[in-house]
>>> print(open('work_0.csv').read())   # CSV, C-alpha atoms
chain,number,residue,atom,x,y,z
A,234,MET,CA,-71.2,7.4,31.2
A,235,GLY,CA,-70.7,4.3,33.4
A,236,LYS,CA,-70.0,0.7,32.6
A,237,VAL,CA,-73.2,-1.2,31.8
A,238,VAL,CA,-71.2,-4.4,31.0
A,239,GLU,CA,-68.0,-5.5,32.6
A,240,ILE,CA,-66.2,-8.8,31.7
A,241,ILE,CA,-63.0,-9.8,33.5
A,242,GLY,CA,-60.9,-12.8,32.5
A,243,LEU,CA,-63.9,-14.8,31.3
A,244,THR,CA,-63.1,-18.4,30.4
A,245,LYS,CA,-65.2,-21.4,29.5
A,246,THR,CA,-63.8,-24.9,28.9
A,247,PHE,CA,-65.8,-27.8,27.6
A,248,LYS,CA,-63.8,-31.0,28.3
A,249,ASP,CA,-60.5,-30.2,26.5
A,250,ASN,CA,-61.9,-27.4,24.4
A,251,LYS,CA,-61.4,-23.8,25.6
A,252,ALA,CA,-64.4,-22.1,23.9
A,253,VAL,CA,-63.7,-18.7,25.6
A,254,ASP,CA,-60.1,-17.9,26.7
A,255,ASP,CA,-59.5,-15.2,29.3
A,256,VAL,CA,-61.7,-12.5,27.7
A,257,SER,CA,-62.0,-9.0,29.2
A,258,PHE,CA,-63.9,-6.0,28.0
A,259,SER,CA,-66.4,-3.4,29.1
A,260,VAL,CA,-69.3,-1.6,27.4
A,261,GLU,CA,-70.4,1.9,28.3
A,262,LYS,CA,-74.0,3.2,28.5
A,263,GLY,CA,-75.4,4.0,25.1
A,264,GLU,CA,-72.9,2.0,23.0
A,265,VAL,CA,-74.0,-0.2,20.1
A,266,VAL,CA,-71.6,-3.1,20.0
A,267,ALA,CA,-71.3,-5.9,17.5
A,268,ILE,CA,-69.8,-9.2,18.7
A,269,LEU,CA,-68.4,-10.9,15.5
A,270,GLY,CA,-66.5,-14.0,14.7
A,271,PRO,CA,-66.6,-17.2,12.6
A,272,ASN,CA,-68.6,-20.3,13.8
A,273,GLY,CA,-67.1,-21.6,17.0
A,274,ALA,CA,-65.2,-18.4,17.8
A,275,GLY,CA,-66.8,-18.1,21.3
A,276,LYS,CA,-69.2,-15.2,20.8
A,277,SER,CA,-72.5,-17.0,21.6
A,278,THR,CA,-70.8,-18.7,24.6
A,279,THR,CA,-69.7,-15.3,25.9
A,280,ILE,CA,-73.2,-13.9,25.5
A,281,LEU,CA,-74.7,-16.8,27.4
A,282,MET,CA,-72.2,-16.3,30.3
A,283,MET,CA,-72.9,-12.6,30.3
A,284,LEU,CA,-76.5,-13.4,30.8
A,285,GLY,CA,-75.9,-15.8,33.6
A,286,LEU,CA,-77.3,-18.7,31.5
A,287,LEU,CA,-74.0,-20.5,31.4
A,288,HIS,CA,-71.5,-20.7,34.3
A,289,PRO,CA,-68.0,-19.7,33.4
A,290,THR,CA,-65.0,-21.9,34.2
A,291,SER,CA,-63.3,-18.8,35.6
A,292,GLY,CA,-63.6,-15.1,35.4
A,293,GLU,CA,-66.4,-12.7,36.1
A,294,SER,CA,-69.3,-11.0,34.3
A,295,LYS,CA,-71.3,-8.1,35.6
A,296,LEU,CA,-74.3,-6.2,34.2
A,297,PHE,CA,-75.0,-2.8,35.9
A,298,GLN,CA,-72.3,-3.7,38.5
A,299,SER,CA,-74.3,-6.8,39.6
A,300,ASN,CA,-74.7,-10.5,38.8
A,301,ALA,CA,-77.0,-11.0,35.8
A,302,LYS,CA,-79.1,-13.5,37.7
A,303,GLU,CA,-80.3,-10.9,40.2
A,304,LEU,CA,-84.0,-9.8,39.6
A,305,LYS,CA,-83.0,-6.1,39.6
A,306,VAL,CA,-80.7,-6.8,36.6
A,307,ARG,CA,-83.2,-9.1,34.7
A,308,GLU,CA,-85.8,-6.3,34.9
A,309,ARG,CA,-83.4,-4.0,33.0
A,310,ILE,CA,-82.3,-6.3,30.2
A,311,GLY,CA,-84.0,-7.7,27.0
A,312,VAL,CA,-82.8,-10.8,25.2
A,313,MET,CA,-83.4,-12.2,21.8
A,314,LEU,CA,-81.4,-15.4,21.4
A,315,GLN,CA,-80.5,-17.2,18.2
A,316,GLU,CA,-83.2,-19.8,18.6
A,317,VAL,CA,-86.6,-18.3,19.4
A,318,SER,CA,-88.8,-20.8,21.4
A,319,LEU,CA,-92.4,-19.8,22.0
A,320,MET,CA,-95.1,-21.5,24.0
A,321,ASP,CA,-97.7,-23.3,21.8
A,322,GLY,CA,-101.4,-22.7,22.2
A,323,LEU,CA,-101.2,-18.9,22.8
A,324,LYS,CA,-101.9,-16.1,20.4
A,325,VAL,CA,-99.1,-13.7,19.8
A,326,LYS,CA,-100.8,-10.8,21.6
A,327,GLU,CA,-101.4,-13.1,24.6
A,328,ILE,CA,-97.8,-14.1,24.9
A,329,ILE,CA,-96.7,-10.4,24.6
A,330,ARG,CA,-99.2,-9.5,27.4
A,331,LEU,CA,-97.8,-12.3,29.5
A,332,PHE,CA,-94.2,-11.1,29.1
A,333,ARG,CA,-95.2,-7.5,29.8
A,334,SER,CA,-96.7,-8.6,33.1
A,335,TYR,CA,-93.2,-9.7,34.3
A,336,TYR,CA,-91.8,-6.1,34.3
A,337,PRO,CA,-92.5,-3.1,36.5
A,338,GLU,CA,-92.6,-0.6,33.7
A,339,PRO,CA,-93.3,-2.4,30.4
A,340,LEU,CA,-93.9,-0.8,27.0
A,341,SER,CA,-97.5,-0.7,25.9
A,342,LEU,CA,-98.8,-3.2,23.3
A,343,ASP,CA,-99.2,-0.3,20.9
A,344,GLN,CA,-95.6,0.8,21.4
A,345,LEU,CA,-94.4,-2.7,20.8
A,346,ILE,CA,-96.5,-3.0,17.6
A,347,GLY,CA,-95.0,0.3,16.4
A,348,LEU,CA,-91.4,-0.8,17.1
A,349,THR,CA,-91.6,-4.3,15.7
A,350,GLY,CA,-93.9,-4.0,12.7
A,351,LEU,CA,-96.2,-6.8,13.9
A,352,ASN,CA,-99.6,-6.6,12.2
A,353,GLU,CA,-103.1,-7.4,13.4
A,354,GLU,CA,-103.1,-10.8,11.6
A,355,GLU,CA,-99.9,-11.8,13.2
A,356,LEU,CA,-101.0,-10.7,16.7
A,357,ASN,CA,-104.1,-13.0,16.5
A,358,LYS,CA,-102.1,-15.9,15.1
A,359,ARG,CA,-101.2,-18.8,17.4
A,360,THR,CA,-97.5,-19.2,18.0
A,361,GLU,CA,-97.2,-22.7,16.5
A,362,LYS,CA,-98.6,-21.3,13.2
A,363,LEU,CA,-95.9,-18.6,12.8
A,364,SER,CA,-93.3,-18.7,10.1
A,365,GLY,CA,-89.6,-18.4,11.0
A,366,GLY,CA,-89.5,-14.7,10.2
A,367,GLN,CA,-92.6,-14.1,12.2
A,368,LYS,CA,-91.2,-15.9,15.2
A,369,ARG,CA,-88.1,-13.6,15.0
A,370,ARG,CA,-90.4,-10.5,15.1
A,371,VAL,CA,-92.3,-11.9,18.1
A,372,GLY,CA,-89.0,-12.6,19.8
A,373,PHE,CA,-88.0,-9.0,19.1
A,374,ALA,CA,-91.2,-7.8,20.7
A,375,LEU,CA,-90.6,-10.0,23.8
A,376,ALA,CA,-87.1,-8.6,24.1
A,377,LEU,CA,-88.5,-5.1,24.2
A,378,ALA,CA,-91.5,-5.8,26.4
A,379,GLY,CA,-89.9,-4.6,29.6
A,380,ASN,CA,-88.6,-1.4,28.2
A,381,PRO,CA,-85.0,-2.6,28.9
A,382,ASP,CA,-81.9,-0.4,29.3
A,383,LEU,CA,-79.6,-3.2,27.9
A,384,LEU,CA,-80.4,-5.4,24.9
A,385,PHE,CA,-78.8,-8.6,23.7
A,386,PHE,CA,-79.5,-9.8,20.1
A,387,ASP,CA,-77.9,-13.1,19.0
A,388,GLU,CA,-78.1,-13.4,15.2
A,389,PRO,CA,-81.4,-11.4,15.3
A,390,THR,CA,-82.1,-11.2,11.5
A,391,VAL,CA,-81.6,-14.8,10.5
A,392,GLY,CA,-84.8,-15.9,8.7
A,393,MET,CA,-86.0,-12.3,8.2
A,394,ASP,CA,-86.8,-11.0,4.7
A,395,ILE,CA,-85.3,-7.7,3.5
A,396,ALA,CA,-88.3,-5.6,4.6
A,397,ALA,CA,-88.3,-7.1,8.1
A,398,ARG,CA,-84.5,-6.6,8.5
A,399,LYS,CA,-85.0,-2.9,7.6
A,400,VAL,CA,-87.7,-2.5,10.3
A,401,PHE,CA,-85.5,-4.3,12.8
A,402,TRP,CA,-82.4,-2.1,12.3
A,403,ASP,CA,-84.4,1.1,12.0
A,404,THR,CA,-85.8,0.2,15.4
A,405,VAL,CA,-82.4,-0.6,16.8
A,406,ARG,CA,-81.2,2.9,15.7
A,407,THR,CA,-84.3,4.4,17.4
A,408,LEU,CA,-83.5,2.5,20.6
A,409,ALA,CA,-79.8,3.6,20.4
A,410,ASP,CA,-80.9,7.3,20.0
A,411,GLN,CA,-82.9,6.8,23.2
A,412,GLY,CA,-79.7,5.9,25.1
A,413,LYS,CA,-80.2,2.1,25.2
A,414,THR,CA,-77.1,-0.1,25.3
A,415,ILE,CA,-77.1,-2.7,22.6
A,416,LEU,CA,-75.0,-5.8,22.0
A,417,PHE,CA,-75.6,-8.0,19.0
A,418,SER,CA,-73.9,-10.8,17.1
A,419,THR,CA,-74.4,-11.3,13.4
A,420,HIS,CA,-73.0,-13.2,10.4
A,421,TYR,CA,-74.1,-10.3,8.1
A,422,LEU,CA,-71.0,-8.2,8.3
A,423,GLN,CA,-72.5,-5.3,6.4
A,424,GLU,CA,-75.1,-5.0,9.3
A,425,ALA,CA,-72.3,-4.6,11.8
A,426,ASP,CA,-70.5,-2.1,9.6
A,427,ASP,CA,-73.7,0.0,9.2
A,428,ILE,CA,-75.1,-0.2,12.7
A,429,ALA,CA,-72.3,-0.7,15.3
A,430,ASP,CA,-70.4,2.0,17.1
A,431,ARG,CA,-67.9,-0.6,18.0
A,432,ILE,CA,-66.9,-4.1,16.9
A,433,ILE,CA,-65.4,-6.9,19.1
A,434,LEU,CA,-64.1,-9.6,16.9
A,435,PHE,CA,-63.6,-13.1,18.3
A,436,HIS,CA,-61.3,-15.8,16.9
A,437,LYS,CA,-60.6,-19.2,18.7
A,438,GLY,CA,-62.1,-17.9,21.9
A,439,LYS,CA,-60.0,-14.7,22.1
A,440,ILE,CA,-60.6,-11.1,21.1
A,441,VAL,CA,-58.5,-10.3,18.1
A,442,ALA,CA,-59.8,-6.8,17.4
A,443,ASP,CA,-61.8,-4.2,19.3
A,444,GLY,CA,-62.7,-0.8,17.9
A,445,SER,CA,-65.0,1.2,15.6
A,446,PRO,CA,-65.6,-0.3,12.1
A,447,GLU,CA,-63.6,2.5,10.6
A,448,LYS,CA,-60.6,1.9,13.0
A,449,ILE,CA,-60.5,-1.8,12.3
A,450,LYS,CA,-60.7,-1.3,8.6
A,451,GLY,CA,-58.2,1.5,8.7
A,452,ASN,CA,-55.6,-0.5,10.7
A,453,LEU,CA,-55.8,-3.5,8.5
A,454,LEU,CA,-56.8,-2.5,5.0
A,455,THR,CA,-55.0,-0.7,2.2
A,456,GLN,CA,-57.1,2.2,1.2
A,457,SER,CA,-57.2,3.6,-2.3
A,458,ILE,CA,-58.2,6.6,-4.4
A,459,SER,CA,-59.1,6.3,-8.1
A,460,PHE,CA,-59.7,9.0,-10.7
A,461,ILE,CA,-59.6,9.8,-14.4
A,462,ALA,CA,-56.5,11.9,-15.3
A,463,SER,CA,-55.8,13.8,-18.4
A,464,LYS,CA,-52.2,12.6,-18.3
A,465,VAL,CA,-51.3,9.1,-17.2
A,466,GLU,CA,-47.7,10.3,-16.5
A,467,SER,CA,-49.1,12.1,-13.4
A,468,GLU,CA,-49.2,8.8,-11.6
A,469,MET,CA,-45.4,8.9,-11.1
A,470,LEU,CA,-45.7,11.9,-8.8
A,471,PHE,CA,-47.5,9.9,-6.2
A,472,LEU,CA,-44.8,7.2,-6.0
A,473,GLN,CA,-42.5,9.7,-4.4
A,474,GLU,CA,-44.6,9.9,-1.3
A,475,PRO,CA,-44.0,7.5,1.7
A,476,TYR,CA,-47.7,7.1,2.4
A,477,VAL,CA,-48.3,5.6,-1.1
A,478,SER,CA,-47.6,1.9,-1.6
A,479,LYS,CA,-48.6,1.4,-5.2
A,480,VAL,CA,-50.0,3.3,-8.2
A,481,LEU,CA,-51.5,1.6,-11.3
A,482,GLU,CA,-53.5,2.5,-14.3
A,483,LYS,CA,-56.5,0.3,-15.2
A,484,ASN,CA,-59.3,0.8,-17.7
A,485,GLY,CA,-58.5,4.5,-18.0
A,486,ARG,CA,-58.4,5.2,-14.3
A,487,ILE,CA,-55.5,5.9,-12.0
A,488,HIS,CA,-55.6,3.9,-8.7
A,489,VAL,CA,-53.5,5.1,-5.8
A,490,PHE,CA,-53.1,2.7,-2.9
A,491,THR,CA,-52.3,4.6,0.3
A,492,SER,CA,-52.3,4.7,4.1
A,493,ASN,CA,-53.5,8.3,4.0
A,494,THR,CA,-56.3,9.1,1.6
A,495,ASP,CA,-56.5,12.7,2.9
A,496,ALA,CA,-52.9,13.4,2.0
A,497,VAL,CA,-53.4,12.0,-1.6
A,498,LEU,CA,-56.4,14.2,-2.1
A,499,HIS,CA,-54.5,17.2,-0.8
A,500,LYS,CA,-51.7,16.4,-3.3
A,501,ILE,CA,-54.1,16.1,-6.2
A,502,PHE,CA,-55.7,19.5,-5.5
A,503,GLU,CA,-52.4,21.2,-4.5
A,504,SER,CA,-50.8,20.1,-7.8
A,505,LYS,CA,-53.8,21.2,-9.8
A,506,PHE,CA,-54.1,18.0,-11.8
A,507,GLU,CA,-56.8,17.8,-14.3
A,508,VAL,CA,-58.8,14.9,-12.8
A,509,SER,CA,-62.4,13.9,-12.7
A,510,ASP,CA,-64.6,11.2,-11.1
A,511,ILE,CA,-62.6,10.8,-7.9
A,512,ALA,CA,-63.6,7.8,-5.8
A,513,VAL,CA,-62.3,6.9,-2.3
A,514,GLU,CA,-62.4,3.2,-1.3
A,515,LYS,CA,-61.9,2.7,2.4
A,516,GLY,CA,-62.0,-1.1,2.2
A,517,ARG,CA,-64.7,-3.5,3.4
A,518,LEU,CA,-65.2,-5.1,6.8
A,519,GLU,CA,-65.3,-8.5,5.1
A,520,GLU,CA,-61.7,-8.1,4.1
A,521,ALA,CA,-60.6,-7.2,7.7
A,522,PHE,CA,-62.6,-10.1,9.0
A,523,GLU,CA,-60.8,-12.5,6.6
A,524,GLN,CA,-57.4,-11.2,7.5
A,525,LEU,CA,-58.0,-11.7,11.2
A,526,THR,CA,-59.9,-15.0,11.2
A,527,ILE,CA,-58.9,-17.1,8.2
A,528,GLU,CA,-55.8,-19.2,8.6
A,529,PRO,CA,-53.3,-18.9,5.8
A,530,GLN,CA,-52.9,-22.1,3.7
A,531,GLU,CA,-49.4,-23.3,2.9
A,532,VAL,CA,-48.8,-23.7,-0.8
A,533,ILE,CA,-46.7,-26.7,-1.7
>>> encode(input="work_0.csv", output="structure tokens")
Amino acid sequence: MGKVVEIIGLTKTFKDNKAVDDVSFSVEKGEVVAILGPNGAGKSTTILMMLGLLHPTSGESKLFQSNAKELKVRERIGVMLQEVSLMDGLKVKEIIRLFRSYYPEPLSLDQLIGLTGLNEEELNKRTEKLSGGQKRRVGFALALAGNPDLLFFDEPTVGMDIAARKVFWDTVRTLADQGKTILFSTHYLQEADDIADRIILFHKGKIVADGSPEKIKGNLLTQSISFIASKVESEMLFLQEPYVSKVLEKNGRIHVFTSNTDAVLHKIFESKFEVSDIAVEKGRLEEAFEQLTIEPQEVI
């Protein structure tokens, strides 16, 4: 596939604070990667260094095997940063046309309207009159203007309403299906869980987890299967298995906590238990995030 992004030993120190600490990773063509972490974890600083907007204290960042500051690289990337700043005095359609003129093979205005959901009223509005959510949509259009191969989105849906978020993520899926490489940061963990092929989780300037959402949740979280059984005594059978950590009965349902949900399901069907309403709970990304980033408090 080929490495689109390659980060080697990236470090950034501000006075005595190491915001990013010896980070290394690569991103392949076509991957959709979420960069997550609590405030101050180093994710935005890393993105700025990857884009060449912030000089690293040490280490190296390459996009398409080249420095991000090179024109040939800038022509292939699109960026939507956390703060969208637009020139006053221009209509939205005017600023989009201006940005399109910077690229050798830009998307057409009609294509950008279709991808971002901008309407005629918004296109004719001056940028200083836009709401926060409208500015985000315009920022999205500007990021796509050059038909980039690599896209960076830093907290892209902050300020968007539910409908705008849906349009945004539907478009991201469309872009991913076209083979675009996408990196984004977000505080909305469900977005990362739903959209990302891979999650890189930062904490205190270091990477503490890197893998698919399913892998991260599976490695950290206790999974469970619950069902309604005709005989509560059947719960004891599961306690004999090494992959089962706990079995309990609550509100008429049996809950089996396990490291292997497939094995539990196989056991249920193999034993021909009379069960109904089987539910599999794989755990939530929020729980994994908390385990990896929240410091335990000492109880005195």
>>> residues_around(input="work_0.csv", residues="stretch 234-242 of chain A", least_positions_apart="5", cutoff="7 Å", atoms="all atoms listed in the file", output="list in words")
Asp255, Val256, Ser257, Phe258, Ser259, Val260, Glu261, Lys262, Gly292, Glu293, Ser294, Lys295, Leu296 and Phe297 of chain A
>>> closest_residue(input="work_0.csv", among="A:Val325, A:Ala429, A:Ile461, A:Leu342", to="A:Arg370", atoms="all atoms listed in the file")
A:Val325
>>> atom_distance(input="work_0.csv", atom1="atom CA of A:Lys302", atom2="atom CA of A:Ser318")
20.3 Å
>>> atom_distance(input="work_0.csv", atom1="atom CA of A:Gly263", atom2="atom CA of A:Ile310")
13.4 Å
>>> atom_distance(input="work_0.csv", atom1="atom CA of A:Lys324", atom2="atom CA of A:Leu340")
18.5 Å
>>> closest_residue(input="work_0.csv", among="A:Ala378, A:Leu408, A:Leu323, A:Leu363", to="A:Leu345", atoms="only C-alpha atoms")
A:Ala378
>>> closest_residue(input="work_0.csv", among="A:Pro475, A:Gly270, A:Pro389, A:Gly412", to="A:Gln315", atoms="all atoms listed in the file")
A:Pro389
>>> residues_around(input="work_0.csv", residues="stretch 417-428 of chain A", least_positions_apart="4", cutoff="10 Å", atoms="only C-alpha atoms", output="PDB file with C-alpha atoms, keeping the file's coordinate frame")
ATOM      1  CA  VAL A 265     -74.000  -0.200  20.100  1.00  0.00           C
ATOM      2  CA  VAL A 266     -71.600  -3.100  20.000  1.00  0.00           C
ATOM      3  CA  ALA A 267     -71.300  -5.900  17.500  1.00  0.00           C
ATOM      4  CA  ILE A 268     -69.800  -9.200  18.700  1.00  0.00           C
ATOM      5  CA  LEU A 269     -68.400 -10.900  15.500  1.00  0.00           C
ATOM      6  CA  GLY A 270     -66.500 -14.000  14.700  1.00  0.00           C
ATOM      7  CA  PRO A 271     -66.600 -17.200  12.600  1.00  0.00           C
ATOM      8  CA  ASN A 272     -68.600 -20.300  13.800  1.00  0.00           C
ATOM      9  CA  LYS A 276     -69.200 -15.200  20.800  1.00  0.00           C
ATOM     10  CA  SER A 277     -72.500 -17.000  21.600  1.00  0.00           C
ATOM     11  CA  ILE A 280     -73.200 -13.900  25.500  1.00  0.00           C
ATOM     12  CA  VAL A 312     -82.800 -10.800  25.200  1.00  0.00           C
ATOM     13  CA  MET A 313     -83.400 -12.200  21.800  1.00  0.00           C
ATOM     14  CA  LEU A 314     -81.400 -15.400  21.400  1.00  0.00           C
ATOM     15  CA  GLN A 315     -80.500 -17.200  18.200  1.00  0.00           C
ATOM     16  CA  LEU A 384     -80.400  -5.400  24.900  1.00  0.00           C
ATOM     17  CA  PHE A 385     -78.800  -8.600  23.700  1.00  0.00           C
ATOM     18  CA  PHE A 386     -79.500  -9.800  20.100  1.00  0.00           C
ATOM     19  CA  ASP A 387     -77.900 -13.100  19.000  1.00  0.00           C
ATOM     20  CA  GLU A 388     -78.100 -13.400  15.200  1.00  0.00           C
ATOM     21  CA  PRO A 389     -81.400 -11.400  15.300  1.00  0.00           C
ATOM     22  CA  THR A 390     -82.100 -11.200  11.500  1.00  0.00           C
ATOM     23  CA  VAL A 391     -81.600 -14.800  10.500  1.00  0.00           C
ATOM     24  CA  ARG A 398     -84.500  -6.600   8.500  1.00  0.00           C
ATOM     25  CA  TRP A 402     -82.400  -2.100  12.300  1.00  0.00           C
ATOM     26  CA  ASP A 403     -84.400   1.100  12.000  1.00  0.00           C
ATOM     27  CA  VAL A 405     -82.400  -0.600  16.800  1.00  0.00           C
ATOM     28  CA  ARG A 406     -81.200   2.900  15.700  1.00  0.00           C
ATOM     29  CA  ALA A 409     -79.800   3.600  20.400  1.00  0.00           C
ATOM     30  CA  ILE A 432     -66.900  -4.100  16.900  1.00  0.00           C
ATOM     31  CA  ILE A 433     -65.400  -6.900  19.100  1.00  0.00           C
ATOM     32  CA  LEU A 434     -64.100  -9.600  16.900  1.00  0.00           C
ATOM     33  CA  SER A 445     -65.000   1.200  15.600  1.00  0.00           C
ATOM     34  CA  PRO A 446     -65.600  -0.300  12.100  1.00  0.00           C
ATOM     35  CA  GLU A 447     -63.600   2.500  10.600  1.00  0.00           C
ATOM     36  CA  LYS A 450     -60.700  -1.300   8.600  1.00  0.00           C
ATOM     37  CA  ARG A 517     -64.700  -3.500   3.400  1.00  0.00           C
ATOM     38  CA  LEU A 518     -65.200  -5.100   6.800  1.00  0.00           C
ATOM     39  CA  GLU A 519     -65.300  -8.500   5.100  1.00  0.00           C
ATOM     40  CA  PHE A 522     -62.600 -10.100   9.000  1.00  0.00           C
TER      41      PHE A 522
END
>>> closest_residue(input="work_0.csv", among="A:Asp443, A:Gln367, A:Glu361, A:Gly379", to="A:Arg330", atoms="only C-alpha atoms")
A:Gly379
